[in-house]
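See below for data12.cif, which holds mmCIF, C-alpha atoms.
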```cif
data_entry
loop_
_atom_site.label_atom_id
_atom_site.label_comp_id
_atom_site.auth_asym_id
_atom_site.auth_seq_id
_atom_site.Cartn_x
_atom_site.Cartn_y
_atom_site.Cartn_z
CA MET A 1 42.41 6.60 8.15
CA ASN A 2 42.48 2.85 8.82
CA ILE A 3 38.86 2.01 9.65
CA ARG A 4 38.40 -1.36 11.25
CA HIS A 5 35.39 -2.79 9.48
CA ARG A 6 33.17 -5.48 10.94
CA PHE A 7 31.28 -7.57 8.43
CA ALA A 8 28.45 -9.94 9.28
CA MET A 9 28.20 -12.95 6.97
CA VAL A 10 26.05 -16.04 6.54
CA ALA A 11 27.03 -19.06 4.45
CA GLY A 12 24.57 -21.90 4.64
CA GLU A 13 26.36 -25.05 3.48
CA ALA A 14 29.69 -26.48 2.31
CA SER A 15 29.66 -24.79 -1.10
CA GLY A 16 28.75 -21.42 0.43
CA ASP A 17 31.46 -21.84 3.04
CA LEU A 18 34.00 -22.43 0.28
CA LEU A 19 32.89 -19.34 -1.69
CA ALA A 20 32.80 -17.21 1.45
CA GLY A 21 36.30 -18.33 2.40
CA LEU A 22 37.63 -17.24 -0.99
CA LEU A 23 35.81 -13.91 -0.69
CA LEU A 24 37.27 -13.38 2.77
CA ASP A 25 40.78 -13.69 1.32
CA GLY A 26 40.11 -10.63 -0.82
CA MET A 27 38.35 -8.75 1.96
CA LYS A 28 41.21 -9.29 4.41
CA GLU A 29 43.69 -8.02 1.83
CA ARG A 30 41.51 -4.97 1.13
CA TRP A 31 40.72 -4.19 4.76
CA PRO A 32 43.51 -5.48 7.06
CA GLY A 33 42.27 -5.90 10.60
CA MET A 34 38.64 -6.40 9.57
CA ARG A 35 36.43 -8.72 11.60
CA SER A 36 33.86 -11.17 10.25
CA GLN A 37 31.11 -12.85 12.25
CA GLY A 38 27.87 -14.76 11.81
CA ILE A 39 27.18 -18.24 10.42
CA GLY A 40 29.89 -20.14 8.57
CA GLY A 41 32.00 -23.24 8.27
CA PRO A 42 35.61 -24.45 8.39
CA GLN A 43 36.84 -22.59 5.29
CA MET A 44 35.67 -19.31 6.77
CA ALA A 45 37.12 -20.23 10.17
CA LYS A 46 40.55 -20.62 8.54
CA ARG A 47 40.31 -16.93 7.62
CA GLY A 48 39.53 -15.88 11.19
CA PHE A 49 35.74 -15.89 10.86
CA GLU A 50 33.86 -16.02 14.18
CA ALA A 51 30.96 -18.46 13.77
CA TRP A 52 28.06 -17.89 16.13
CA TRP A 53 26.32 -20.92 14.59
CA PRO A 54 27.79 -23.65 12.34
CA HIS A 55 26.76 -23.59 8.68
CA GLU A 56 25.37 -27.14 8.91
CA LYS A 57 22.31 -25.71 10.68
CA LEU A 58 21.16 -24.26 7.36
CA ALA A 59 22.22 -27.12 5.06
CA VAL A 60 18.69 -28.24 4.24
CA ARG A 61 17.22 -28.43 0.71
CA GLY A 62 13.65 -29.07 -0.43
CA TYR A 63 10.25 -27.89 0.77
CA VAL A 64 9.43 -30.93 2.89
CA GLU A 65 12.92 -31.09 4.39
CA VAL A 66 12.87 -27.37 5.30
CA LEU A 67 9.51 -27.78 7.03
CA LYS A 68 11.03 -30.35 9.37
CA HIS A 69 13.64 -27.82 10.54
CA TYR A 70 11.56 -24.67 10.08
CA ARG A 71 11.21 -23.62 13.71
CA GLU A 72 14.90 -24.01 14.45
CA ILE A 73 15.99 -22.14 11.30
CA VAL A 74 13.55 -19.28 11.89
CA GLY A 75 14.70 -19.08 15.50
CA ILE A 76 18.33 -18.78 14.44
CA ARG A 77 17.48 -16.07 11.90
CA ARG A 78 15.54 -14.09 14.52
CA GLN A 79 18.36 -14.28 17.04
CA LEU A 80 20.93 -13.26 14.42
CA ARG A 81 18.79 -10.36 13.19
CA ASP A 82 18.29 -9.03 16.73
CA ARG A 83 22.01 -9.30 17.46
CA LEU A 84 22.97 -7.44 14.29
CA LEU A 85 20.37 -4.72 14.83
CA SER A 86 21.68 -4.14 18.35
CA GLU A 87 25.29 -4.04 17.12
CA PRO A 88 25.13 -2.94 13.44
CA PRO A 89 28.01 -4.19 11.27
CA THR A 90 29.63 -2.19 8.48
CA ALA A 91 27.64 -4.39 6.09
CA PHE A 92 25.94 -7.74 5.93
CA ILE A 93 27.06 -10.19 3.23
CA GLY A 94 24.79 -13.14 2.57
CA VAL A 95 26.57 -15.93 0.72
CA ASP A 96 24.07 -18.02 -1.24
CA ALA A 97 21.40 -19.64 1.05
CA PRO A 98 18.73 -17.27 -0.38
CA ASP A 99 15.81 -18.76 1.55
CA PHE A 100 17.55 -17.79 4.77
CA ASN A 101 19.49 -14.71 3.72
CA LEU A 102 17.02 -12.69 1.66
CA ASP A 103 14.49 -12.33 4.50
CA LEU A 104 17.28 -11.45 6.90
CA GLU A 105 18.75 -8.94 4.45
CA ALA A 106 15.33 -7.31 3.99
CA ASP A 107 14.99 -6.74 7.74
CA LEU A 108 18.53 -5.36 8.02
CA LYS A 109 18.21 -3.11 4.96
CA ALA A 110 14.95 -1.66 6.28
CA ARG A 111 16.86 -0.58 9.41
CA GLY A 112 19.67 1.07 7.45
CA ILE A 113 22.28 -1.71 7.40
CA ARG A 114 23.96 -2.12 4.02
CA THR A 115 23.37 -5.54 2.45
CA VAL A 116 25.28 -7.45 -0.21
CA HIS A 117 24.29 -10.83 -1.61
CA PHE A 118 27.05 -13.00 -3.06
CA VAL A 119 25.84 -15.39 -5.75
CA CYS A 120 22.70 -14.36 -7.58
CA PRO A 121 19.80 -16.65 -6.69
CA SER A 122 18.93 -18.86 -9.65
CA VAL A 123 15.96 -16.79 -10.77
CA TRP A 124 16.83 -17.73 -14.36
CA ALA A 125 16.26 -21.39 -13.51
CA TRP A 126 13.69 -21.46 -10.68
CA ARG A 127 11.31 -19.07 -8.93
CA ALA A 128 11.50 -15.91 -11.09
CA LYS A 129 9.01 -14.28 -8.68
CA ARG A 130 11.92 -13.97 -6.25
CA LEU A 131 13.23 -10.92 -8.19
CA GLY A 132 11.01 -8.56 -6.19
CA LYS A 133 12.36 -9.93 -2.94
CA ILE A 134 15.95 -9.52 -4.16
CA ARG A 135 15.28 -5.87 -5.00
CA ALA A 136 13.81 -5.24 -1.54
CA SER A 137 16.58 -7.12 0.27
CA CYS A 138 19.89 -6.29 -1.43
CA ASP A 139 21.81 -3.07 -1.95
CA HIS A 140 24.04 -4.98 -4.35
CA VAL A 141 24.37 -8.49 -5.80
CA LEU A 142 27.74 -10.04 -6.65
CA CYS A 143 27.15 -12.30 -9.65
CA ILE A 144 29.31 -15.27 -10.57
CA PHE A 145 27.88 -15.79 -14.07
CA PRO A 146 28.24 -13.19 -16.86
CA PHE A 147 24.60 -13.06 -17.98
CA GLU A 148 23.18 -12.26 -14.52
CA PRO A 149 23.83 -8.49 -14.04
CA GLN A 150 21.87 -7.55 -17.17
CA LEU A 151 18.93 -9.70 -16.05
CA LEU A 152 18.94 -8.08 -12.60
CA ALA A 153 19.30 -4.57 -14.04
CA GLN A 154 16.05 -5.08 -15.96
CA HIS A 155 14.36 -5.35 -12.56
CA GLY A 156 16.12 -2.40 -10.92
CA ILE A 157 18.66 -4.47 -9.00
CA ALA A 158 22.28 -3.24 -8.80
CA ALA A 159 24.74 -6.02 -9.58
CA THR A 160 28.34 -6.70 -10.62
CA TYR A 161 29.79 -9.68 -12.46
CA VAL A 162 32.83 -10.75 -10.42
CA GLY A 163 33.62 -14.09 -12.07
CA HIS A 164 33.56 -17.35 -10.20
CA PRO A 165 36.14 -17.57 -7.37
CA LEU A 166 36.72 -21.26 -8.04
CA ALA A 167 37.84 -20.47 -11.59
CA ASN A 168 40.90 -18.76 -10.10
CA VAL A 169 41.58 -21.49 -7.53
CA ILE A 170 41.30 -24.48 -9.86
CA PRO A 171 44.18 -24.64 -12.38
CA LEU A 172 43.41 -24.53 -16.08
CA GLU A 173 45.33 -27.80 -16.48
CA PRO A 174 44.62 -30.10 -13.50
CA ASP A 175 47.47 -32.47 -12.70
CA ARG A 176 45.83 -35.89 -12.86
CA PRO A 177 49.01 -37.96 -12.22
CA ALA A 178 49.79 -35.92 -9.09
CA ALA A 179 46.21 -36.32 -7.84
CA ARG A 180 46.36 -40.07 -8.38
CA ARG A 181 49.66 -40.33 -6.53
CA ALA A 182 48.21 -38.33 -3.64
CA LEU A 183 45.34 -40.81 -3.35
CA GLY A 184 47.44 -43.93 -3.97
CA LEU A 185 45.61 -44.80 -7.19
CA ALA A 186 47.06 -46.85 -10.01
CA GLY A 187 48.17 -44.61 -12.86
CA GLY A 188 46.51 -46.57 -15.67
CA ALA A 189 43.27 -47.60 -13.97
CA ASP A 190 39.81 -46.25 -14.78
CA VAL A 191 38.81 -44.01 -11.87
CA VAL A 192 35.29 -42.83 -11.02
CA ALA A 193 34.74 -40.09 -8.44
CA ILE A 194 31.40 -40.33 -6.63
CA LEU A 195 29.92 -37.26 -4.92
CA PRO A 196 26.46 -37.98 -3.48
CA GLY A 197 26.09 -34.49 -1.98
CA SER A 198 27.10 -32.38 0.98
CA ARG A 199 23.72 -32.36 2.73
CA ALA A 200 22.23 -35.14 4.83
CA SER A 201 19.07 -35.10 2.69
CA GLU A 202 21.13 -35.55 -0.50
CA VAL A 203 23.03 -38.50 0.94
CA GLN A 204 19.73 -39.97 2.12
CA TYR A 205 18.20 -39.91 -1.37
CA LEU A 206 21.28 -40.46 -3.54
CA ALA A 207 23.95 -42.52 -1.80
CA GLU A 208 22.37 -45.96 -2.18
CA ARG A 209 21.56 -45.27 -5.86
CA PHE A 210 25.08 -44.04 -6.55
CA PHE A 211 26.81 -46.98 -4.89
CA GLU A 212 24.55 -49.57 -6.47
CA ALA A 213 25.47 -47.97 -9.80
CA ALA A 214 29.13 -48.31 -8.78
CA ARG A 215 28.61 -52.05 -8.15
CA LEU A 216 27.13 -52.42 -11.63
CA VAL A 217 30.04 -50.52 -13.20
CA ALA A 218 32.51 -52.72 -11.32
CA ARG A 219 30.90 -55.84 -12.77
CA GLU A 220 31.40 -54.48 -16.29
CA ARG A 221 34.90 -53.17 -15.58
CA PRO A 222 36.46 -55.20 -12.74
CA GLY A 223 39.56 -52.99 -12.47
CA VAL A 224 37.75 -49.68 -12.02
CA GLN A 225 38.58 -47.72 -8.85
CA PHE A 226 36.19 -45.45 -6.96
CA VAL A 227 37.01 -42.41 -4.80
CA VAL A 228 34.38 -40.75 -2.62
CA PRO A 229 35.10 -37.41 -0.94
CA ALA A 230 32.87 -36.99 2.13
CA ILE A 231 32.43 -34.22 4.66
CA ALA A 232 33.14 -35.27 8.23
CA SER A 233 29.54 -35.12 9.48
CA LEU A 234 28.32 -37.47 6.73
CA LYS A 235 31.29 -39.80 6.33
CA ALA A 236 29.85 -42.65 8.42
CA ARG A 237 26.60 -42.63 6.43
CA VAL A 238 28.51 -42.62 3.16
CA GLU A 239 30.74 -45.50 4.28
CA GLN A 240 27.69 -47.53 5.31
CA ALA A 241 26.03 -47.01 1.91
CA ALA A 242 29.27 -47.92 0.10
CA LEU A 243 29.76 -51.30 1.79
CA GLY A 244 30.53 -54.02 -0.71
CA VAL A 245 31.71 -51.76 -3.54
CA PRO A 246 35.12 -53.10 -4.66
CA ASN A 247 38.21 -50.89 -4.99
CA LEU A 248 36.55 -47.96 -3.20
CA GLN A 249 38.00 -45.48 -0.75
CA VAL A 250 36.06 -42.84 1.19
CA LEU A 251 38.13 -39.69 1.69
CA ASP A 252 38.07 -36.97 4.30
CA GLY A 253 37.00 -34.15 1.99
CA GLN A 254 39.55 -33.68 -0.84
CA SER A 255 36.81 -33.31 -3.43
CA HIS A 256 39.02 -31.43 -5.89
CA THR A 257 41.78 -34.03 -5.61
CA ALA A 258 39.27 -36.85 -6.11
CA MET A 259 37.76 -35.26 -9.21
CA ALA A 260 41.18 -34.32 -10.63
CA ALA A 261 42.26 -37.96 -10.26
CA SER A 262 39.17 -39.34 -11.98
CA ASP A 263 38.20 -40.15 -15.55
CA VAL A 264 34.52 -39.45 -14.94
CA VAL A 265 32.45 -38.08 -12.06
CA LEU A 266 29.04 -39.15 -10.74
CA VAL A 267 27.78 -36.06 -8.92
CA ALA A 268 24.72 -34.62 -7.22
CA SER A 269 23.40 -31.51 -8.94
CA GLY A 270 24.83 -28.38 -7.32
CA THR A 271 28.06 -26.42 -7.07
CA ALA A 272 30.13 -29.60 -7.33
CA THR A 273 29.03 -29.96 -10.96
CA LEU A 274 30.74 -26.65 -11.78
CA GLU A 275 33.85 -27.74 -9.87
CA ALA A 276 33.94 -30.91 -11.97
CA ALA A 277 33.62 -28.82 -15.13
CA LEU A 278 36.47 -26.50 -14.07
CA LEU A 279 38.53 -29.63 -13.45
CA LYS A 280 37.66 -30.65 -17.07
CA ARG A 281 36.00 -33.89 -16.05
CA PRO A 282 33.16 -35.59 -17.91
CA MET A 283 30.31 -36.25 -15.53
CA VAL A 284 26.88 -37.69 -14.93
CA ILE A 285 24.65 -35.29 -13.00
CA ALA A 286 21.90 -36.82 -10.88
CA TYR A 287 19.34 -35.79 -8.30
CA ASN A 288 16.57 -37.43 -6.32
CA MET A 289 14.43 -35.90 -3.60
CA ASN A 290 11.21 -36.20 -1.66
CA ARG A 291 8.34 -36.83 -4.12
CA ILE A 292 6.28 -33.82 -3.00
CA THR A 293 9.31 -31.52 -3.23
CA TRP A 294 10.05 -32.84 -6.73
CA GLU A 295 6.53 -32.18 -8.00
CA LEU A 296 6.58 -28.62 -6.63
CA MET A 297 10.01 -27.79 -8.04
CA LYS A 298 9.28 -29.36 -11.43
CA ARG A 299 6.43 -26.89 -11.98
CA ARG A 300 8.74 -23.93 -11.33
CA LYS A 301 11.50 -25.04 -13.65
CA LEU A 302 12.18 -22.34 -16.28
CA GLN A 303 14.62 -24.16 -18.56
CA PRO A 304 15.43 -27.74 -19.56
CA TRP A 305 18.68 -28.05 -17.58
CA VAL A 306 19.44 -28.20 -13.86
CA GLY A 307 23.22 -28.83 -13.95
CA LEU A 308 25.39 -25.71 -14.04
CA PRO A 309 27.68 -26.94 -16.85
CA ASN A 310 24.63 -27.48 -19.07
CA ILE A 311 22.97 -24.21 -18.06
CA LEU A 312 26.12 -22.23 -18.87
CA SER A 313 26.59 -24.10 -22.15
CA GLY A 314 22.95 -23.78 -23.16
CA GLU A 315 22.70 -27.47 -24.06
CA PHE A 316 23.04 -30.96 -22.63
CA VAL A 317 26.83 -31.22 -22.70
CA VAL A 318 26.67 -33.89 -19.97
CA PRO A 319 23.74 -36.19 -19.06
CA GLU A 320 21.29 -35.33 -16.31
CA LEU A 321 19.34 -38.13 -14.63
CA LEU A 322 16.70 -36.79 -12.27
CA GLN A 323 14.26 -38.37 -9.84
CA ASP A 324 13.06 -41.75 -11.21
CA ASP A 325 15.61 -41.59 -14.02
CA ALA A 326 18.36 -41.50 -11.38
CA ASN A 327 18.19 -45.26 -10.92
CA PRO A 328 21.30 -47.43 -10.54
CA ARG A 329 21.08 -49.09 -13.94
CA SER A 330 20.73 -45.79 -15.84
CA LEU A 331 23.49 -44.16 -13.80
CA ALA A 332 25.84 -47.07 -14.44
CA ARG A 333 25.06 -47.05 -18.17
CA ALA A 334 25.78 -43.31 -18.40
CA LEU A 335 29.13 -43.73 -16.63
CA LEU A 336 30.14 -46.64 -18.85
CA ASP A 337 29.14 -44.65 -21.94
CA TRP A 338 31.71 -42.01 -20.98
CA LEU A 339 34.43 -44.57 -20.27
CA ASP A 340 33.75 -46.24 -23.63
CA SER A 341 33.96 -42.93 -25.56
CA PRO A 342 37.42 -41.32 -25.31
CA GLU A 343 36.73 -38.94 -28.21
CA ARG A 344 33.54 -37.70 -26.54
CA MET A 345 35.46 -37.22 -23.28
CA ALA A 346 38.13 -35.16 -25.07
CA ALA A 347 35.48 -32.97 -26.72
CA VAL A 348 33.76 -32.13 -23.45
CA ARG A 349 37.11 -31.23 -21.87
CA GLU A 350 37.57 -28.63 -24.63
CA ARG A 351 34.12 -27.19 -23.88
CA PHE A 352 34.96 -26.96 -20.21
CA MET A 353 38.28 -25.23 -20.94
CA ALA A 354 36.42 -22.46 -22.79
CA LEU A 355 33.95 -22.18 -19.89
CA HIS A 356 36.83 -21.90 -17.42
CA HIS A 357 38.34 -18.95 -19.31
CA GLU A 358 34.95 -17.21 -19.38
CA LEU A 359 34.52 -17.51 -15.60
CA ARG A 360 38.09 -16.50 -14.72
CA ARG A 361 38.22 -12.91 -13.42
CA ASP A 362 39.96 -11.04 -10.60
CA THR A 363 37.08 -11.93 -8.32
CA ALA A 364 38.62 -10.62 -5.10
CA LYS A 365 39.23 -7.15 -6.54
CA LEU A 366 35.93 -6.88 -8.40
CA ALA A 367 33.96 -8.06 -5.36
CA THR A 368 35.70 -5.80 -2.85
CA ASP A 369 35.45 -2.84 -5.27
CA ALA A 370 31.68 -3.36 -5.32
CA ILE A 371 31.48 -3.77 -1.53
CA GLU A 372 33.55 -0.59 -1.10
CA LYS A 373 31.00 1.38 -3.12
CA VAL A 374 28.14 -0.06 -1.08
CA ILE A 375 29.67 0.89 2.28
CA GLY A 376 30.74 4.31 0.95
#
```

For this file, write the structure as structure tokens.
Amino acid sequence: MNIRHRFAMVAGEASGDLLAGLLLDGMKERWPGMRSQGIGGPQMAKRGFEAWWPHEKLAVRGYVEVLKHYREIVGIRRQLRDRLLSEPPTAFIGVDAPDFNLDLEADLKARGIRTVHFVCPSVWAWRAKRLGKIRASCDHVLCIFPFEPQLLAQHGIAATYVGHPLANVIPLEPDRPAARRALGLAGGADVVAILPGSRASEVQYLAERFFEAARLVARERPGVQFVVPAIASLKARVEQAALGVPNLQVLDGQSHTAMAASDVVLVASGTATLEAALLKRPMVIAYNMNRITWELMKRRKLQPWVGLPNILSGEFVVPELLQDDANPRSLARALLDWLDSPERMAAVRERFMALHHELRRDTAKLATDAIEKVIG
């Protein structure tokens, strides 16, 4: 019997939208004719997803920043919960965005709706107390890192390692010459990709620092070229912050092309750091946020790293410059250190190749197998 499933989904920002889009490819192949609805972005829309709210509504990070949008976000979650309870889907799949999704999943699960969470919340890095909430909220967790299912099992949480979808999308050997041709970059020039974040709050706190660092790098290396992928809603703000940086172009998206074309990447901590690693690019990871948010998060930090490449490697493979350390002079020095060290750059590419192989699995099949068991 060909059952027409209807899945509700929520992805809360650009990285979640990308992961959800890749998951939807596997779901559509597994269940032809299925419908998907909820909160999502353009990658999900390409797969026929019906967005009741755009994912930008949830793209807020940090305690202080969330408080500013708290009433609107809670209102959206209440409306979505009521709509799903009145018309129950086959299952609800929350894609990342744990602050929004876990509470919603708990309400839906309590009323008998099956719940799946895609991407284990970073309980191994921050907020270990969240494990109890995960157990109460999720029938199953789809994990993108190999060490996560065992950790969750110790707390009575069912989980499956499905690999990281991006590891299948990004080629093992990125074609740098093709990427440079696509962006009109000189083949022999030093190229730095700059990614100051996909949230308005990230651009607010990082863009000026990143572009002042770019100006300092340009003084040391006059021929260096800069590429800056930007999402549409933030492009004007990025362009304003980048004024005066020589040999710089702001792109409409194309983050993978920009990183593939580069020699080194200056990147906000987050999913983009893993994308840079899968593209085998040396990087400088940075983050800066509201002072109160920083002090609160610093106390809950469970390990010395915040960047995914370092967390997965268990050591500082690439530099991390956080809060006050993420100043233009230090950022510029870290970028120049990479450009001045070709042997070090080659060594980190080898590390990232091994990481890529570890994360490469048949994610679509493993994920839909797990969802199939949940929905029975």

Scan for residues within 12 Å of the point (18.6, -35.3, -13.8) in the coordinates of the file, using only C-alpha atoms, and reply as a PyMOL selection string.
chain A and resi 206+266-270+283-289+294+298+304-308+310+316+318-327+330-331+334

Six-sided padding of 8 Å per side, axis-aligned box over region 241-256 of chain A, centre and edges in Å, one decimal, as AutoDock Vina command-line options:
```
--center_x 32.8 --center_y -42.7 --center_z -0.8 --size_x 29.5 --size_y 38.6 --size_z 26.2
```

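The shortest atom-to-atom distance to Ile231 (chain A), with all atoms listed in the file taken into account, belongs to A:Ala200 out of A:Leu335, A:Ala367, A:Ala200, A:Val245.
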
Between CA of Asp103 (chain A) and CA of Phe7 (chain A) - distance in Å to one decimal
17.9 Å

Applied to this file, what does the PyMOL selection byres ((chain A and resi 358-364) around 10) return in terms of residues, put as a PyMOL selection string?
chain A and resi 22-30+142+144-146+161-170+172+278+352-357+365-369

Enter the distance from CA of Ile39 (chain A) to CA of Lys235 (chain A), in Å, rounded to one decimal.
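Rounded to one decimal, the two atoms are 22.3 Å apart.
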
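Residues matched by the PyMOL selection byres ((chain A and resi 136) around 9) in this structure: A:Leu102, A:Glu105, A:Ala106, A:Lys109, A:Ala110, A:Leu131, A:Gly132, A:Lys133, A:Ile134, A:Arg135, A:Ser137, A:Cys138, A:Asp139, A:Ile157.
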
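With CA of Asp190 (chain A) on one side and CA of His256 (chain A) on the other, the separation reads 17.3 Å.
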
Under the PyMOL selection byres ((chain A and resi 212) around 9), which residues of this model are included? Write them out as a list of chain:residue names.
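Checked against the file, the PyMOL selection byres ((chain A and resi 212) around 9) matches A:Ala207, A:Glu208, A:Arg209, A:Phe210, A:Phe211, A:Ala213, A:Ala214, A:Arg215, A:Leu216, A:Val217, A:Ala241, A:Ala242, A:Val245, A:Asn327, A:Pro328, A:Arg329, A:Ala332.
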
Point out the residue among A:Arg111, A:Arg71, A:Arg349, A:Arg130 with the least atom-to-atom distance to Pro98 (chain A), counting only C-alpha atoms.
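Of A:Arg111, A:Arg71, A:Arg349, A:Arg130, the one nearest Pro98 (chain A), counting only C-alpha atoms, is A:Arg130.
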
Selected residue of minimal separation from Arg176 (chain A) among A:Val191, A:Ala91, A:Ile371, A:Val250, counting all atoms listed in the file
A:Val191

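Every protein, DNA or RNA residue with an atom at most 10 Å from Leu80 (chain A), where all atoms listed in the file count and chain neighbours fewer than 5 positions away do not, is listed here: Ala8, Val10, Gly38, Ile39, Trp52, Trp53, Val74, Gly75, Leu85, Ser86 and Leu104 of chain A.
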